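To keep things clear, I will list the structure first and then write my remarks on it.
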Amino acid sequence: MTARSRIPFFAAIVLLIVAGISIATWRHIELGIPWLTGEQQPVWMVEARINFEANGEPVLASLNIPEQSPGFRILSEQAASPGYGFSVVDKSGSRRAEWSKRNVLGEQTLYFKAQFIPDPNANRDRPRRAPKPIAIFWEEPQATAVREILQQAEERSSTPESMTRELIRLMQPEDDQAQNTTLLVAGTNYLDLLVRMLNHAGIPARTADGLKLEDARRRQALTPYLQIYNNEEWLTFDPRTAEQGLPENILLWRQGAESLLDVVGGDGSNVSFSILRQTIPALQLAAMQSEKNGLGFLSLYQLPIEEQSMFRMLLLLPLGALMVAFMRIVIGIRTSGTFMPVLIAVAFVQTTLVPGLIAFTSVVAIGLLMRGYLSSLNLLLVSRISALIILVIFITAGLSIAGYHMGFNTGMTVTFFPMVIIAWTIERMSILWEEEGAHEVLVQGAGSLFVAVCAFLVMDAPLSRHLTFNFPELHFVVLGLILLMGQYTGYKLSELRRFTPMKVYD
């Protein structure tokens, strides 16, 4: 291959490697598939409990539930209310859980459960349409007090965020505007007052209710927050301290002016929240999310269990092929057959290493002895190989039965060894023995076992099993590396010893 013609070849290798890594990275980001095994993902289970006293009439209970909460993604939702009809409906841009039942009497308890996954990049609250401030009308003397406070806050600020912070500070009792503040707050909800004043100043504002996430907490109430729109997104403020931003452990349950709970046909209604922190495997979570967002077709988990097991084994073969190519091309280890070590390594994955080594060496050793007898009969090659296959089957069956009676259950899996391949291996070693001697048979046999053990260690590693099955596109990288090694024409590492005397002589 000339230097000029190598350019497309190396360009194709680069494309293979980049494509494999890029697709795997995309699957990790979009589907949440973890890079490492055993990763755990925290999940918050929040249960809303509704209590009320039914008065014998038809009941319709409606609870405001989150659609999107900054910093969290909803994993699942469910209701537990025997005898009630349940549905989730959209009303005026908000999601509500509704329970309904006819002729209800006495104390009633309804449950709504949801699982939330922490995600700092999830649900940036950018509305599709920019909200507009609500027109507010004030009567005297409140109008004058509002005008004075807003004027002072505007002088100290330059953005909607800074004006909100200044307004909250001015509304504190210890401020210079305490007299105006007292006049406005008297008989009025403080947070609603802030919302009205900000809307009056031309800044869209609304209330929000947050839930403090603490593990194993029961009967928790919602904490009120203030939100404003800064022409890009909704921002959250603490209405008491003017602190901007939402703490990591706060889940916004309600955003907007919609009521939290409405109950028709009952009295004394209230809602409380219980919280529980759970951890689930990140891989299981990724599978659940891929099914939910419609990307499950990109995963092998949609296949039947039997086919999944088959692919788990097949997708390990490229790693074995890479190891064999490296050992033969770069290291220079001689083996019996080109990819016989890969098949041996696959068998070791099934039998585990030590029983597999014992079974393989036993079958080959006994087979070589029987091959010597067959050679004395002067049989044709086809007949000799066919006889060897039958003998190998009897040998492996005998070893499995012996292992079973000795208490070694792994002996029963010896039958996974490919009979035809082992028969050909015995035949090749026997011919090699006749042509090159016993030393060459030992060298190639030991080399095959060494490479097979190395391939087994790579293939059997938990990380290898995880990456090959969950990121099959990484095999593009393996393919690119094998193609690169195919262009290697330098000295093998094993040849350094061969040329050591020449170096000493120089």
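In the structure tokens, each chain is lettered A, B, ... as it comes, each chain's residues begin at 1, and ligands are numbered from 1 in order of appearance.
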
Would you give me, as a short mmCIF file (atom, residue, chain, number, x, y, z; two decimals) with N, CA and C atoms, in the first residue's frame, the residues in segment 216-463 of chain A that DSSP reads as strand (DSSP E or B)?
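Okay, selection.cif is ready:
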data_model
loop_
_atom_site.label_atom_id
_atom_site.label_comp_id
_atom_site.auth_asym_id
_atom_site.auth_seq_id
_atom_site.Cartn_x
_atom_site.Cartn_y
_atom_site.Cartn_z
N ARG A 217 -38.68 11.74 56.15
CA ARG A 217 -39.47 12.77 56.81
C ARG A 217 -40.95 12.58 56.47
N ARG A 218 -41.81 12.81 57.49
CA ARG A 218 -43.24 12.60 57.32
C ARG A 218 -44.00 13.88 57.67
N ARG A 219 -45.19 13.97 57.11
CA ARG A 219 -46.11 15.08 57.37
C ARG A 219 -45.44 16.44 57.17
N GLN A 220 -44.76 16.59 56.04
CA GLN A 220 -44.08 17.84 55.72
C GLN A 220 -45.03 18.79 54.98
N THR A 223 -43.15 24.95 51.47
CA THR A 223 -42.57 26.25 51.81
C THR A 223 -42.82 27.21 50.65
N PRO A 224 -43.36 28.41 50.91
CA PRO A 224 -43.66 29.34 49.81
C PRO A 224 -42.41 30.04 49.28
N TYR A 225 -42.39 30.26 47.96
CA TYR A 225 -41.30 30.98 47.30
C TYR A 225 -41.89 31.98 46.32
N LEU A 226 -41.05 32.92 45.90
CA LEU A 226 -41.43 33.96 44.94
C LEU A 226 -40.69 33.70 43.64
N GLN A 227 -41.40 33.84 42.52
CA GLN A 227 -40.78 33.67 41.21
C GLN A 227 -41.07 34.89 40.34
N ILE A 228 -40.06 35.31 39.58
CA ILE A 228 -40.22 36.41 38.62
C ILE A 228 -39.69 35.96 37.27
N TYR A 229 -40.16 36.64 36.22
CA TYR A 229 -39.72 36.34 34.87
C TYR A 229 -38.79 37.46 34.41
N TRP A 234 -38.02 31.81 34.39
CA TRP A 234 -38.52 32.09 35.72
C TRP A 234 -37.40 31.88 36.74
N LEU A 235 -37.21 32.87 37.61
CA LEU A 235 -36.21 32.81 38.67
C LEU A 235 -36.90 32.73 40.02
N THR A 236 -36.30 32.02 40.94
CA THR A 236 -36.90 31.77 42.25
C THR A 236 -36.16 32.56 43.33
N PHE A 237 -36.91 33.16 44.25
CA PHE A 237 -36.36 33.94 45.35
C PHE A 237 -36.98 33.49 46.67
N GLN A 244 -31.48 34.63 45.93
CA GLN A 244 -31.88 34.18 44.61
C GLN A 244 -31.39 32.76 44.37
N ILE A 250 -34.47 21.45 47.45
CA ILE A 250 -35.84 21.97 47.36
C ILE A 250 -36.45 21.53 46.04
N LEU A 251 -37.59 20.87 46.14
CA LEU A 251 -38.36 20.45 44.97
C LEU A 251 -39.58 21.34 44.85
N LEU A 252 -39.69 22.06 43.74
CA LEU A 252 -40.85 22.92 43.53
C LEU A 252 -42.04 22.06 43.12
N TRP A 253 -43.01 21.99 44.02
CA TRP A 253 -44.20 21.17 43.75
C TRP A 253 -45.25 21.93 42.97
N ARG A 254 -45.42 23.19 43.29
CA ARG A 254 -46.43 24.01 42.62
C ARG A 254 -45.80 25.31 42.16
N GLN A 255 -46.09 25.72 40.91
CA GLN A 255 -45.61 26.98 40.36
C GLN A 255 -46.78 27.68 39.70
N LEU A 261 -54.95 22.37 46.43
CA LEU A 261 -55.90 21.29 46.65
C LEU A 261 -57.32 21.82 46.62
N ASP A 262 -58.18 21.17 45.87
CA ASP A 262 -59.60 21.48 45.84
C ASP A 262 -60.37 20.19 46.10
N VAL A 263 -61.34 20.24 47.00
CA VAL A 263 -62.16 19.08 47.31
C VAL A 263 -63.63 19.49 47.26
N VAL A 264 -64.38 18.86 46.38
CA VAL A 264 -65.82 19.08 46.29
C VAL A 264 -66.52 17.86 46.87
N GLY A 266 -66.57 17.41 50.34
CA GLY A 266 -65.90 17.08 51.59
C GLY A 266 -65.47 18.33 52.32
N ASP A 267 -65.23 18.20 53.61
CA ASP A 267 -64.82 19.32 54.44
C ASP A 267 -63.52 18.98 55.16
N GLY A 268 -62.83 20.04 55.63
CA GLY A 268 -61.62 19.85 56.42
C GLY A 268 -60.49 19.20 55.65
N SER A 269 -60.35 19.54 54.39
CA SER A 269 -59.32 18.91 53.57
C SER A 269 -57.95 19.49 53.88
N ASN A 270 -56.96 18.66 53.82
CA ASN A 270 -55.55 19.09 53.96
C ASN A 270 -54.67 18.10 53.25
N VAL A 271 -53.44 18.54 52.92
CA VAL A 271 -52.48 17.69 52.23
C VAL A 271 -51.15 17.80 52.95
N SER A 272 -50.49 16.66 53.13
CA SER A 272 -49.15 16.62 53.73
C SER A 272 -48.28 15.71 52.89
N PHE A 273 -46.96 15.83 53.07
CA PHE A 273 -46.02 15.13 52.21
C PHE A 273 -45.05 14.31 53.06
N SER A 274 -44.77 13.12 52.57
CA SER A 274 -43.75 12.25 53.16
C SER A 274 -42.67 12.01 52.11
N ILE A 275 -41.43 11.92 52.55
CA ILE A 275 -40.29 11.85 51.63
C ILE A 275 -39.41 10.68 52.02
N LEU A 276 -38.91 9.98 51.02
CA LEU A 276 -38.01 8.86 51.23
C LEU A 276 -36.96 8.88 50.13
N ARG A 277 -35.71 8.80 50.55
CA ARG A 277 -34.60 8.76 49.58
C ARG A 277 -34.26 7.30 49.28
N GLN A 278 -34.21 6.97 48.00
CA GLN A 278 -33.88 5.63 47.56
C GLN A 278 -32.67 5.67 46.64
N THR A 279 -32.03 4.54 46.46
CA THR A 279 -30.97 4.41 45.46
C THR A 279 -31.27 3.18 44.62
N ILE A 280 -31.17 3.35 43.31
CA ILE A 280 -31.39 2.24 42.40
C ILE A 280 -30.22 2.19 41.43
N PRO A 281 -29.92 1.03 40.85
CA PRO A 281 -28.82 0.95 39.87
C PRO A 281 -29.03 1.93 38.72
#

Find the residues near Glu77 of chain A: any atom within 8 Å, counting only C-alpha atoms, skip ones fewer than 2 places away on the same chain, and give them as an NGL selection string. :A and (74-75 or 79 or 112-115)

Those same residues, written as a PDB file, in the first residue's frame with C-alpha atoms?
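The result, written out as result29.pdb:
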ATOM      1  CA  ILE A  74     -40.053  12.927  37.013  1.00  0.00           C
ATOM      2  CA  LEU A  75     -39.428   9.196  36.789  1.00  0.00           C
ATOM      3  CA  ALA A  79     -52.024   6.934  42.842  1.00  0.00           C
ATOM      4  CA  PHE A 112     -50.323  10.306  45.200  1.00  0.00           C
ATOM      5  CA  LYS A 113     -46.736   9.109  44.771  1.00  0.00           C
ATOM      6  CA  ALA A 114     -44.032  10.336  42.430  1.00  0.00           C
ATOM      7  CA  GLN A 115     -40.345   9.564  41.951  1.00  0.00           C
TER       8      GLN A 115
END

Would you pick out the contacts of segment 136-141 of chain A at 8 Å or less, using only C-alpha atoms, so that residues sharing its chain but fewer than 6 positions from it are not included, and give the list as a ChimeraX atom specification? /A:196-197,199-200

Among segment 244-452 of chain A, which ones does DSSP assign to alpha helix (DSSP H) (computed from the backbone)? Answer as a ChimeraX atom specification. /A:282-292,305-314,317-325,340-351,353-376,381-405,419-436,438-452

Calculated over only C-alpha atoms, which of the candidates A:Ser100, A:Ala48, A:Ile117, A:Val146 has the smallest distance to Arg73 of chain A? A:Ile117

Counting only C-alpha atoms, the option among A:Ser62, A:Ser362, A:Thr338, A:Thr159 closest to Ala325 of chain A: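 Result for the nearest residue to Ala325 of chain A: A:Thr338.
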
Write out as a list of chain:residue names which residues come within 12 Å of Val354 of chain A when counting only C-alpha atoms, dropping same-chain ones fewer than 2 positions away.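 Once the adjacent positions are removed, what remains is A:Ala345, A:Ala347, A:Phe348, A:Val349, A:Gln350, A:Thr351, A:Thr352, A:Gly356, A:Leu357, A:Ile358, A:Ala359, A:Phe360, A:Thr361, A:Phe408, A:Thr410, A:Gly411, A:Val414, A:Leu449, A:Val453, A:Phe456.
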
Only N, CA and C atoms, please: the residues just picked out, written as a PDB file, in the first residue's frame.
ATOM      1  N   ALA A 345     -11.155 -19.126  25.085  1.00  0.00           N
ATOM      2  CA  ALA A 345     -11.509 -18.102  26.073  1.00  0.00           C
ATOM      3  C   ALA A 345     -13.018 -18.046  26.287  1.00  0.00           C
ATOM      4  N   ALA A 347     -15.037 -20.534  25.983  1.00  0.00           N
ATOM      5  CA  ALA A 347     -15.357 -21.691  26.806  1.00  0.00           C
ATOM      6  C   ALA A 347     -14.996 -21.437  28.261  1.00  0.00           C
ATOM      7  N   PHE A 348     -13.879 -20.765  28.509  1.00  0.00           N
ATOM      8  CA  PHE A 348     -13.486 -20.446  29.881  1.00  0.00           C
ATOM      9  C   PHE A 348     -14.514 -19.530  30.549  1.00  0.00           C
ATOM     10  N   VAL A 349     -15.111 -18.630  29.762  1.00  0.00           N
ATOM     11  CA  VAL A 349     -16.150 -17.758  30.324  1.00  0.00           C
ATOM     12  C   VAL A 349     -17.318 -18.581  30.837  1.00  0.00           C
ATOM     13  N   GLN A 350     -17.616 -19.676  30.148  1.00  0.00           N
ATOM     14  CA  GLN A 350     -18.721 -20.532  30.561  1.00  0.00           C
ATOM     15  C   GLN A 350     -18.347 -21.447  31.721  1.00  0.00           C
ATOM     16  N   THR A 351     -17.121 -21.971  31.702  1.00  0.00           N
ATOM     17  CA  THR A 351     -16.739 -22.980  32.691  1.00  0.00           C
ATOM     18  C   THR A 351     -15.994 -22.403  33.879  1.00  0.00           C
ATOM     19  N   THR A 352     -15.620 -21.114  33.843  1.00  0.00           N
ATOM     20  CA  THR A 352     -14.648 -20.473  34.742  1.00  0.00           C
ATOM     21  C   THR A 352     -13.254 -20.995  34.416  1.00  0.00           C
ATOM     22  N   GLY A 356     -11.979 -24.921  33.278  1.00  0.00           N
ATOM     23  CA  GLY A 356     -11.797 -24.900  31.830  1.00  0.00           C
ATOM     24  C   GLY A 356     -10.411 -25.330  31.415  1.00  0.00           C
ATOM     25  N   LEU A 357      -9.392 -24.851  32.139  1.00  0.00           N
ATOM     26  CA  LEU A 357      -8.013 -25.260  31.829  1.00  0.00           C
ATOM     27  C   LEU A 357      -7.841 -26.765  32.003  1.00  0.00           C
ATOM     28  N   ILE A 358      -8.365 -27.286  33.113  1.00  0.00           N
ATOM     29  CA  ILE A 358      -8.246 -28.723  33.365  1.00  0.00           C
ATOM     30  C   ILE A 358      -8.953 -29.515  32.275  1.00  0.00           C
ATOM     31  N   ALA A 359     -10.155 -29.091  31.901  1.00  0.00           N
ATOM     32  CA  ALA A 359     -10.920 -29.820  30.893  1.00  0.00           C
ATOM     33  C   ALA A 359     -10.228 -29.775  29.542  1.00  0.00           C
ATOM     34  N   PHE A 360      -9.743 -28.587  29.155  1.00  0.00           N
ATOM     35  CA  PHE A 360      -9.132 -28.461  27.833  1.00  0.00           C
ATOM     36  C   PHE A 360      -7.858 -29.287  27.728  1.00  0.00           C
ATOM     37  N   THR A 361      -6.973 -29.157  28.691  1.00  0.00           N
ATOM     38  CA  THR A 361      -5.721 -29.911  28.643  1.00  0.00           C
ATOM     39  C   THR A 361      -5.981 -31.415  28.704  1.00  0.00           C
ATOM     40  N   PHE A 408     -17.966 -31.533  41.378  1.00  0.00           N
ATOM     41  CA  PHE A 408     -17.633 -30.324  40.629  1.00  0.00           C
ATOM     42  C   PHE A 408     -18.746 -30.063  39.621  1.00  0.00           C
ATOM     43  N   THR A 410     -19.216 -27.487  37.833  1.00  0.00           N
ATOM     44  CA  THR A 410     -18.762 -26.816  36.614  1.00  0.00           C
ATOM     45  C   THR A 410     -18.325 -27.809  35.556  1.00  0.00           C
ATOM     46  N   GLY A 411     -18.084 -29.054  35.957  1.00  0.00           N
ATOM     47  CA  GLY A 411     -17.713 -30.055  34.959  1.00  0.00           C
ATOM     48  C   GLY A 411     -18.791 -30.297  33.938  1.00  0.00           C
ATOM     49  N   VAL A 414     -18.485 -28.445  30.545  1.00  0.00           N
ATOM     50  CA  VAL A 414     -17.378 -28.714  29.638  1.00  0.00           C
ATOM     51  C   VAL A 414     -17.878 -28.945  28.215  1.00  0.00           C
ATOM     52  N   LEU A 449      -2.852 -21.470  25.145  1.00  0.00           N
ATOM     53  CA  LEU A 449      -3.464 -21.367  26.467  1.00  0.00           C
ATOM     54  C   LEU A 449      -3.172 -20.012  27.104  1.00  0.00           C
ATOM     55  N   VAL A 453      -6.031 -17.420  28.107  1.00  0.00           N
ATOM     56  CA  VAL A 453      -6.216 -16.917  29.473  1.00  0.00           C
ATOM     57  C   VAL A 453      -6.258 -15.398  29.480  1.00  0.00           C
ATOM     58  N   PHE A 456      -9.523 -14.363  28.116  1.00  0.00           N
ATOM     59  CA  PHE A 456     -10.560 -14.630  29.116  1.00  0.00           C
ATOM     60  C   PHE A 456     -10.587 -13.542  30.189  1.00  0.00           C
TER      61      PHE A 456
END

Between A:Val478, A:Val382, A:Ile134, A:Leu246, which has the minimum distance to Ser69 of chain A (counting only C-alpha atoms)?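 Checking each of A:Val478, A:Val382, A:Ile134, A:Leu246 against Ser69 of chain A, counting only C-alpha atoms, the winner is A:Leu246.
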
Between atom CA of Ala135 of chain A and atom CA of Leu167 of chain A, what is the distance, to one decimal in Å?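 Computed distance, atom CA of Ala135 of chain A to atom CA of Leu167 of chain A, equals 18.3 Å.
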
Atomic distance atom CA of Gln142 of chain A - atom CA of Leu198 of chain A, expressed in Å with one decimal: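 Atom-to-atom, atom CA of Gln142 of chain A to atom CA of Leu198 of chain A, that is 14.6 Å.
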